[in-house]
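The file target_4.txt comes next; it holds compact mmCIF, C-alpha atoms and all ligand atoms.
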# COMPACT_ATOMS: atom_id res chain seq x y z
CA MET A 8 149.71 164.37 153.02
CA SER A 9 145.99 163.91 152.89
CA LYS A 10 144.52 161.38 150.51
CA ILE A 11 142.90 162.27 147.21
CA THR A 12 139.50 160.63 146.84
CA ILE A 13 137.69 160.59 143.50
CA LEU A 14 134.13 159.48 142.77
CA GLY A 15 133.87 158.26 139.16
CA ILE A 16 130.64 158.06 137.15
CA GLU A 17 130.17 156.16 133.88
CA SER A 18 126.95 156.29 131.84
CA SER A 19 128.01 156.42 128.19
CA CYS A 20 126.27 153.31 126.90
CA ASP A 21 124.29 150.58 128.67
CA ASP A 22 126.10 150.24 132.01
CA THR A 23 125.53 152.59 134.93
CA SER A 24 128.62 152.56 137.13
CA ALA A 25 130.15 154.41 140.08
CA SER A 26 133.54 153.89 141.69
CA ILE A 27 135.70 155.31 144.44
CA ILE A 28 139.45 155.58 143.90
CA GLN A 29 141.70 156.85 146.67
CA ASP A 30 145.30 157.76 145.76
CA GLY A 31 145.00 155.47 142.72
CA VAL A 32 143.69 152.49 144.73
CA MET A 33 140.22 151.16 143.93
CA LEU A 34 137.92 151.02 146.97
CA SER A 35 134.72 150.20 145.07
CA ASN A 36 133.43 149.72 141.54
CA VAL A 37 129.68 149.15 141.29
CA ILE A 38 128.08 148.35 137.93
CA ALA A 39 124.38 148.03 137.08
CA ASN A 40 123.97 146.25 133.74
CA GLN A 41 120.92 146.96 131.63
CA ARG A 42 119.31 143.65 130.64
CA ILE A 43 116.48 145.43 128.79
CA HIS A 44 118.46 145.68 125.51
CA GLU A 45 118.90 141.93 125.01
CA GLU A 46 115.41 141.49 123.60
CA TYR A 47 116.06 144.18 120.96
CA GLY A 48 119.37 142.76 119.67
CA GLY A 49 121.27 145.97 120.47
CA VAL A 50 121.31 148.99 122.76
CA VAL A 51 118.17 151.17 122.49
CA PRO A 52 119.35 154.71 123.37
CA GLU A 53 116.10 156.00 124.87
CA LEU A 54 115.74 152.92 127.09
CA ALA A 55 119.38 153.25 128.15
CA SER A 56 118.83 156.85 129.30
CA ARG A 57 115.79 155.89 131.34
CA ALA A 58 117.58 153.00 133.00
CA HIS A 59 120.57 155.23 133.85
CA GLN A 60 118.16 157.70 135.46
CA GLN A 61 116.75 154.91 137.64
CA ASN A 62 120.12 153.37 138.49
CA ILE A 63 122.40 156.29 139.10
CA ILE A 64 121.52 157.22 142.69
CA PRO A 65 121.48 153.64 144.09
CA VAL A 66 124.73 152.86 142.24
CA VAL A 67 126.55 155.95 143.57
CA ASP A 68 125.19 155.29 147.04
CA ALA A 69 126.44 151.68 146.93
CA ALA A 70 129.89 152.75 145.69
CA ILE A 71 130.35 155.23 148.54
CA LYS A 72 129.09 152.75 151.16
CA LYS A 73 131.23 149.90 149.80
CA ALA A 74 134.29 152.14 150.10
CA ASN A 75 133.36 152.78 153.76
CA LEU A 76 133.29 156.51 153.15
CA THR A 77 130.81 159.36 153.23
CA THR A 78 130.19 162.21 150.77
CA LYS A 79 132.40 164.56 152.76
CA ASP A 80 135.47 162.34 152.13
CA ILE A 81 135.21 162.90 148.37
CA ASP A 82 137.46 165.56 146.79
CA ALA A 83 136.14 165.50 143.24
CA ILE A 84 133.58 163.87 140.99
CA ALA A 85 134.78 162.65 137.60
CA PHE A 86 132.22 161.80 134.90
CA THR A 87 132.25 160.51 131.33
CA ARG A 88 131.63 163.49 129.04
CA GLY A 89 131.85 161.38 125.86
CA PRO A 90 132.00 159.68 123.46
CA GLY A 91 128.78 157.76 123.80
CA LEU A 92 125.01 158.03 123.52
CA LEU A 93 124.04 161.63 124.17
CA GLY A 94 120.96 160.91 126.29
CA ALA A 95 122.92 158.39 128.37
CA LEU A 96 125.84 160.80 128.86
CA LEU A 97 123.40 163.52 129.88
CA VAL A 98 122.28 161.50 132.91
CA GLY A 99 125.84 161.07 134.26
CA THR A 100 126.83 164.63 133.40
CA SER A 101 123.77 166.16 135.07
CA PHE A 102 124.19 164.00 138.13
CA ALA A 103 127.88 164.94 138.44
CA LYS A 104 127.16 168.65 138.08
CA GLY A 105 124.39 168.48 140.68
CA PHE A 106 126.55 166.49 143.07
CA ALA A 107 129.48 168.91 142.68
CA LEU A 108 127.29 171.96 143.18
CA ALA A 109 125.33 170.63 146.16
CA ASN A 110 128.41 169.27 147.97
CA GLN A 111 130.97 171.85 146.84
CA LYS A 112 133.21 169.32 145.12
CA LYS A 113 135.49 169.77 142.15
CA LEU A 114 134.16 168.55 138.80
CA ILE A 115 136.31 166.63 136.28
CA GLU A 116 135.29 165.70 132.72
CA ILE A 117 136.59 162.43 131.30
CA ASN A 118 137.08 161.08 127.80
CA HIS A 119 135.69 157.53 127.95
CA LEU A 120 138.39 156.17 125.59
CA GLN A 121 141.18 157.64 127.70
CA GLY A 122 139.46 155.92 130.63
CA HIS A 123 139.57 152.49 128.94
CA ILE A 124 143.34 152.90 128.50
CA LEU A 125 144.05 154.26 132.00
CA ALA A 126 142.14 151.31 133.52
CA HIS A 127 145.58 149.69 133.42
CA PHE A 128 146.65 152.06 136.24
CA VAL A 129 143.90 151.18 138.72
CA LYS A 130 145.67 149.70 141.74
CA LYS A 131 144.16 146.84 143.74
CA ASP A 132 146.23 147.90 146.76
CA ILE A 133 148.98 150.40 147.48
CA ASP A 134 151.76 147.91 146.55
CA ASP A 135 150.23 146.99 143.18
CA ASN A 136 152.92 148.03 140.68
CA ASN A 137 152.10 145.88 137.68
CA GLN A 138 151.50 148.74 135.25
CA PRO A 139 152.78 149.66 131.80
CA ALA A 140 155.72 152.08 131.57
CA PHE A 141 155.64 155.05 129.18
CA PRO A 142 155.65 155.11 126.26
CA PHE A 143 153.43 152.17 125.44
CA ILE A 144 151.00 151.32 122.68
CA CYS A 145 147.42 150.42 123.49
CA LEU A 146 145.09 148.53 121.18
CA LEU A 147 141.65 149.83 122.10
CA VAL A 148 138.93 147.50 120.87
CA SER A 149 135.30 147.98 121.82
CA GLY A 150 131.83 147.84 120.34
CA GLY A 151 132.18 151.38 119.05
CA HIS A 152 135.92 151.94 118.61
CA THR A 153 139.05 150.31 117.27
CA GLN A 154 142.20 152.36 117.70
CA ILE A 155 145.94 152.04 118.05
CA VAL A 156 146.99 154.65 120.59
CA LEU A 157 150.50 155.78 121.47
CA VAL A 158 150.46 156.60 125.19
CA ARG A 159 153.32 158.95 126.12
CA ASP A 160 152.01 159.81 129.57
CA TYR A 161 148.80 159.47 131.60
CA LEU A 162 147.16 162.35 129.78
CA ASP A 163 149.29 162.51 126.65
CA MET A 164 147.91 160.13 124.02
CA GLU A 165 148.02 160.09 120.24
CA VAL A 166 145.74 158.01 118.02
CA LEU A 167 148.01 156.42 115.40
CA GLY A 168 145.24 154.62 113.59
CA SER A 169 141.56 153.79 113.85
CA THR A 170 138.82 152.01 111.97
CA ILE A 171 137.48 153.68 108.84
CA ASP A 172 134.13 151.88 109.15
CA ASP A 173 132.99 149.21 111.67
CA ALA A 174 134.68 148.55 115.01
CA ALA A 175 136.10 145.11 115.87
CA GLY A 176 133.26 144.54 118.35
CA GLU A 177 130.73 145.38 115.65
CA ALA A 178 132.33 142.77 113.37
CA PHE A 179 131.80 140.17 116.10
CA ASP A 180 128.25 141.33 116.85
CA LYS A 181 127.07 141.72 113.26
CA CYS A 182 128.47 138.35 112.13
CA ALA A 183 126.91 136.74 115.20
CA LYS A 184 123.57 138.16 114.10
CA VAL A 185 124.04 136.60 110.65
CA MET A 186 124.48 133.24 112.42
CA GLY A 187 121.34 133.83 114.48
CA LEU A 188 123.24 134.26 117.77
CA PRO A 189 121.93 136.68 120.43
CA TYR A 190 123.39 140.13 121.22
CA PRO A 191 126.17 140.80 122.13
CA GLY A 192 127.68 138.09 119.93
CA GLY A 193 131.36 138.65 120.79
CA PRO A 194 131.48 136.51 123.95
CA ILE A 195 129.46 133.70 122.30
CA ILE A 196 131.74 133.59 119.25
CA ASP A 197 134.72 133.49 121.63
CA LYS A 198 133.26 130.49 123.45
CA LYS A 199 132.33 128.54 120.31
CA SER A 200 135.71 129.29 118.71
CA LYS A 201 137.40 127.05 121.25
CA LEU A 202 135.59 124.03 119.73
CA GLY A 203 136.18 124.89 116.05
CA ASN A 204 138.91 124.84 113.41
CA PRO A 205 140.19 128.38 112.69
CA LYS A 206 141.35 127.30 109.22
CA ALA A 207 138.04 125.79 108.12
CA PHE A 208 136.91 128.96 106.27
CA THR A 209 138.73 131.89 104.68
CA PHE A 210 137.28 135.38 104.73
CA GLY A 211 138.44 138.53 102.95
CA LYS A 212 141.04 140.70 104.69
CA PRO A 213 141.13 144.47 104.10
CA LYS A 214 143.90 146.57 102.60
CA VAL A 215 143.94 149.88 104.43
CA ASP A 216 146.65 152.54 104.70
CA GLY A 217 148.89 153.10 107.71
CA TYR A 218 147.65 151.89 111.07
CA ASN A 219 143.98 152.14 110.14
CA TYR A 220 141.50 149.30 110.20
CA SER A 221 138.42 148.26 108.26
CA PHE A 222 135.95 145.56 109.26
CA SER A 223 132.92 146.13 107.03
CA GLY A 224 134.41 144.09 104.14
CA LEU A 225 134.91 141.11 106.41
CA LYS A 226 131.29 141.31 107.48
CA THR A 227 130.15 141.33 103.83
CA SER A 228 132.46 138.45 102.88
CA PHE A 229 131.15 136.46 105.85
CA LEU A 230 127.53 137.21 104.95
CA TYR A 231 127.92 136.22 101.26
CA GLN A 232 129.72 132.95 102.02
CA ILE A 233 127.08 131.92 104.52
CA ARG A 234 124.23 132.92 102.21
CA ASP A 235 125.59 130.76 99.39
CA LYS A 236 126.15 127.75 101.62
CA VAL A 237 122.71 128.02 103.22
CA LYS A 238 121.17 127.90 99.73
CA GLU A 239 122.77 124.47 99.24
CA ASP A 240 122.18 123.18 102.76
CA SER A 241 119.63 124.81 105.06
CA ASN A 242 121.36 123.29 108.11
CA PHE A 243 124.75 124.70 107.16
CA ILE A 244 125.02 127.22 110.01
CA ALA A 245 124.00 124.77 112.72
CA THR A 246 126.40 122.05 111.57
CA HIS A 247 129.38 124.41 111.06
CA ILE A 248 128.84 126.97 113.80
CA ASP A 249 132.03 126.21 115.75
CA ASP A 250 134.23 126.29 112.64
CA LEU A 251 132.54 129.49 111.44
CA CYS A 252 133.16 131.16 114.82
CA ALA A 253 136.77 129.96 115.03
CA SER A 254 137.58 131.09 111.47
CA LEU A 255 135.89 134.46 111.93
CA GLN A 256 137.58 135.14 115.27
CA SER A 257 140.97 134.15 113.90
CA THR A 258 140.52 136.51 110.91
CA ILE A 259 139.56 139.42 113.17
CA ILE A 260 142.64 138.76 115.32
CA ASP A 261 144.90 138.56 112.24
CA ILE A 262 143.60 141.95 111.06
CA LEU A 263 144.07 143.52 114.51
CA MET A 264 147.57 142.10 115.06
CA GLU A 265 149.00 143.03 111.66
CA LYS A 266 148.67 146.78 112.25
CA LEU A 267 149.58 146.51 115.91
CA LYS A 268 152.87 144.77 115.05
CA LYS A 269 153.61 147.46 112.47
CA ALA A 270 153.02 150.25 114.99
CA MET A 271 155.14 148.54 117.66
CA LYS A 272 158.01 148.20 115.20
CA ASP A 273 157.78 151.68 113.64
CA TYR A 274 157.56 153.46 116.99
CA LYS A 275 160.18 151.17 118.61
CA VAL A 276 157.94 150.51 121.60
CA ASN A 277 158.24 147.33 123.69
CA GLN A 278 155.28 147.75 126.03
CA VAL A 279 151.83 146.87 124.75
CA ALA A 280 148.40 146.97 126.36
CA ILE A 281 144.92 146.10 125.22
CA ALA A 282 141.67 147.70 126.37
CA GLY A 283 137.90 147.81 125.71
CA GLY A 284 135.15 145.19 125.63
CA VAL A 285 136.78 143.04 122.94
CA SER A 286 139.97 142.79 125.02
CA ALA A 287 138.11 140.11 127.00
CA ASN A 288 138.48 137.85 123.96
CA SER A 289 140.51 134.75 124.83
CA GLY A 290 141.96 134.39 121.33
CA ILE A 291 143.24 137.97 121.27
CA ARG A 292 144.80 137.49 124.70
CA GLU A 293 146.57 134.28 123.68
CA ARG A 294 147.83 135.78 120.43
CA LEU A 295 149.16 138.87 122.21
CA ILE A 296 150.97 136.82 124.83
CA ASP A 297 152.52 134.73 122.07
CA LEU A 298 153.59 137.81 120.09
CA GLY A 299 155.02 139.31 123.28
CA LYS A 300 157.25 136.28 123.76
CA ARG A 301 158.44 136.37 120.17
CA HIS A 302 159.14 140.12 120.05
CA GLN A 303 160.20 140.61 123.69
CA TRP A 304 157.28 142.90 124.47
CA SER A 305 155.84 143.36 127.95
CA VAL A 306 152.14 142.60 127.50
CA PHE A 307 149.44 144.12 129.73
CA LEU A 308 146.00 142.49 129.69
CA PRO A 309 143.22 144.12 131.72
CA GLU A 310 141.39 142.22 134.41
CA PHE A 311 137.99 141.12 133.08
CA GLN A 312 136.14 143.59 135.34
CA PHE A 313 137.96 146.43 133.49
CA THR A 314 137.34 145.23 129.93
CA THR A 315 133.73 146.38 129.79
CA ASP A 316 132.53 149.83 130.73
CA ASN A 317 133.14 150.66 134.39
CA ALA A 318 133.55 153.74 136.55
CA ALA A 319 136.92 152.73 138.06
CA MET A 320 138.54 153.67 134.74
CA ILE A 321 136.78 157.05 134.89
CA ALA A 322 137.82 157.63 138.52
CA ILE A 323 141.48 156.76 137.85
CA THR A 324 141.58 159.17 134.90
CA GLY A 325 139.96 161.73 137.21
CA TYR A 326 142.73 161.13 139.74
CA TYR A 327 145.45 161.99 137.19
CA LYS A 328 143.53 165.06 136.00
CA TYR A 329 143.09 166.14 139.63
CA LEU A 330 146.87 165.95 140.14
CA LYS A 331 147.29 168.26 137.14
CA GLY A 332 144.53 170.63 138.30
CA GLU A 333 142.36 170.01 135.23
CA PHE A 334 138.85 170.81 136.41
CA ALA A 335 135.58 171.45 134.57
CA GLU A 336 133.08 174.30 135.00
CA GLN A 337 129.38 174.03 135.85
CA ASN A 338 128.33 174.97 132.32
CA ILE A 339 129.89 171.85 130.78
CA THR A 340 127.75 169.69 128.46
CA PRO A 341 128.25 166.10 127.19
CA LYS A 342 129.73 165.38 123.77
CA ALA A 343 128.67 162.35 121.68
CA ARG A 344 131.93 162.55 119.71
CA PHE A 345 135.25 163.19 121.37
CA SER A 346 138.91 163.14 120.36
CA TYR A 347 141.92 162.97 122.69
O1 LIG B 1 133.80 148.42 125.55
P1 LIG B 1 132.46 147.78 125.48
O2 LIG B 1 131.92 147.12 126.70
O3 LIG B 1 131.38 148.80 125.03
C1 LIG B 1 131.66 149.84 124.15
O4 LIG B 1 132.14 150.90 124.64
O5 LIG B 1 131.46 149.61 122.93
O6 LIG B 1 132.52 146.71 124.29
C2 LIG B 1 131.42 145.91 123.92
C3 LIG B 1 131.87 144.97 122.81
C4 LIG B 1 130.72 144.20 122.15
O7 LIG B 1 130.84 144.34 120.76
C5 LIG B 1 130.97 142.75 122.59
O8 LIG B 1 130.53 141.81 121.64
C6 LIG B 1 132.47 142.74 122.70
O9 LIG B 1 132.78 143.98 123.31
N1 LIG B 1 132.98 141.63 123.51
C7 LIG B 1 133.72 140.60 123.01
C8 LIG B 1 133.99 139.72 124.08
N2 LIG B 1 133.42 140.23 125.22
C9 LIG B 1 132.81 141.40 124.85
N3 LIG B 1 134.14 140.37 121.76
C10 LIG B 1 134.85 139.26 121.55
N4 LIG B 1 135.16 138.37 122.52
C11 LIG B 1 134.75 138.54 123.79
N5 LIG B 1 135.06 137.65 124.74
ZN ZN B 2 133.61 151.51 126.41
Transcribe the structure of this file into structure tokens.
Amino acid sequence: MSKITILGIESSCDDTSASIIQDGVMLSNVIANQRIHEEYGGVVPELASRAHQQNIIPVVDAAIKKANLTTKDIDAIAFTRGPGLLGALLVGTSFAKGFALANQKKLIEINHLQGHILAHFVKKDIDDNNQPAFPFICLLVSGGHTQIVLVRDYLDMEVLGSTIDDAAGEAFDKCAKVMGLPYPGGPIIDKKSKLGNPKAFTFGKPKVDGYNYSFSGLKTSFLYQIRDKVKEDSNFIATHIDDLCASLQSTIIDILMEKLKKAMKDYKVNQVAIAGGVSANSGIRERLIDLGKRHQWSVFLPEFQFTTDNAAMIAITGYYKYLKGEFAEQNITPKARFSY
């Protein structure tokens, strides 16, 4: 049987990425990060679109070359249709449509969130079988989303709960800003947490129904506590930064794990995965491994290269949609908001 080769394109936020996946095995995954946003303390949509426009052709070219293939070897092009920044998505969508039309390839639209979850199925080589079995529950934690997803099959997912306000990544980033740390704050808080006492400070935890989350109250509680302490001691943040980071991170993890444990129990699932940018967090990883041991769960942690946005996750989702014959038409347009 001939091989199925998918070119994946990701351009939903501030990373331009292209990847080649052949029969589920990753041959290349090229990512161009956009440094430009650092000086603004967050992603500037218009600048992101322009950088995608500059990056997309060299990135696709590099992905094809790195895979040792040529355009004619590609069966289909899969692209992120949403959710994400509309102008950024438009660059990837337009490129994919043009590429499909010019080279007579099939076109596949991808939900970015589904991609984050299916990143767990990207194989490093043909014998790589370390993948979750269905059904499993995935905790999807990124800068824009926080969801508990029941995954029944590759393309059969149900959102059991999600945040009603801020995402977990936003809680990290916004609290980091309060402490005067640069964007994105999540990785810095993670690093400083290792040196601090997680019990030094107590912050408010939300009460939300079902499997839903809320993080805006935590942000407010954090802000108010710091503001009061800084009034008494202007050096408060500098002298307590490690303890503040450790206590904040530990609170975020407590909030995330409480609902995850509930979902695992209620749905009688024993396989759990984590995905999205925040899944790089060392504290979350440790806590999940520990919970797995206590509850006899199989725990799946993504490789670091698959925690942030990447096109391999888009290409692998494209591979499973290809197998089911789910193709898009040339008149397709991107969608900033997207459900499963
Ligand atoms: O999935 P992602 O790359 O982009 C979105 O689709 O949103 O996630 C970015 C988020 C940012 O909020 C960043 O602070 C957070 O992931 N993040 C982390 C860590 N690494 C990245 N948060 C906590 N600990 C980390 N180690
Ligand atoms: Zn993402």
For Asp316 of chain A, find every residue with an atom within 9 Å (counting only C-alpha atoms), except residues of its own chain fewer than 4 positions away, and show them as a PDB file with C-alpha atoms, in the frame of the given file.
ATOM      1  CA  GLU A  17     130.170 156.160 133.880  1.00  0.00           C
ATOM      2  CA  SER A  18     126.950 156.290 131.840  1.00  0.00           C
ATOM      3  CA  SER A  19     128.010 156.420 128.190  1.00  0.00           C
ATOM      4  CA  CYS A  20     126.270 153.310 126.900  1.00  0.00           C
ATOM      5  CA  ASP A  21     124.290 150.580 128.670  1.00  0.00           C
ATOM      6  CA  ASP A  22     126.100 150.240 132.010  1.00  0.00           C
ATOM      7  CA  THR A  23     125.530 152.590 134.930  1.00  0.00           C
ATOM      8  CA  SER A  24     128.620 152.560 137.130  1.00  0.00           C
ATOM      9  CA  ILE A  38     128.080 148.350 137.930  1.00  0.00           C
ATOM     10  CA  HIS A 119     135.690 157.530 127.950  1.00  0.00           C
ATOM     11  CA  HIS A 123     139.570 152.490 128.940  1.00  0.00           C
ATOM     12  CA  GLY A 283     137.900 147.810 125.710  1.00  0.00           C
ATOM     13  CA  GLY A 284     135.150 145.190 125.630  1.00  0.00           C
ATOM     14  CA  GLN A 312     136.140 143.590 135.340  1.00  0.00           C
ATOM     15  CA  MET A 320     138.540 153.670 134.740  1.00  0.00           C
TER      16      MET A 320
END
message = Could you check the closest approach to His127 of chain A for each of A:Ala280, A:Gly192, A:Tyr326, A:Trp304 and tell me which residue wins, using only C-alpha atoms?
response =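 Ranking A:Ala280, A:Gly192, A:Tyr326, A:Trp304 by distance to His127 of chain A, first place goes to A:Ala280.
Proximity of A:Val185, A:Val285, A:Gly31, A:Val237 to ligand ZN 2 (chain B), computed with only C-alpha atoms and all ligand atoms, is greatest for A:Val285.
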Residues within 12 Å of (122.4, 140.5, 114.8), file coordinates, counting all atoms listed in the file: what are they? Give the list as a compact mmCIF listing (two decimals) with C-alpha atoms, in the coordinates of the input.
# COMPACT_ATOMS: atom_id res chain seq x y z
CA GLU A 45 118.90 141.93 125.01
CA GLU A 46 115.41 141.49 123.60
CA TYR A 47 116.06 144.18 120.96
CA GLY A 48 119.37 142.76 119.67
CA GLY A 49 121.27 145.97 120.47
CA VAL A 50 121.31 148.99 122.76
CA GLU A 177 130.73 145.38 115.65
CA ALA A 178 132.33 142.77 113.37
CA PHE A 179 131.80 140.17 116.10
CA ASP A 180 128.25 141.33 116.85
CA LYS A 181 127.07 141.72 113.26
CA CYS A 182 128.47 138.35 112.13
CA ALA A 183 126.91 136.74 115.20
CA LYS A 184 123.57 138.16 114.10
CA VAL A 185 124.04 136.60 110.65
CA MET A 186 124.48 133.24 112.42
CA GLY A 187 121.34 133.83 114.48
CA LEU A 188 123.24 134.26 117.77
CA PRO A 189 121.93 136.68 120.43
CA TYR A 190 123.39 140.13 121.22
CA PRO A 191 126.17 140.80 122.13
CA GLY A 192 127.68 138.09 119.93
CA GLY A 193 131.36 138.65 120.79
CA LYS A 226 131.29 141.31 107.48
CA LEU A 230 127.53 137.21 104.95
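Using all atoms listed in the file, the shortest contact distance between ligand ZN 2 (chain B) and any of A:His44, A:His152, A:Lys130, A:Lys212 is found at A:His152.
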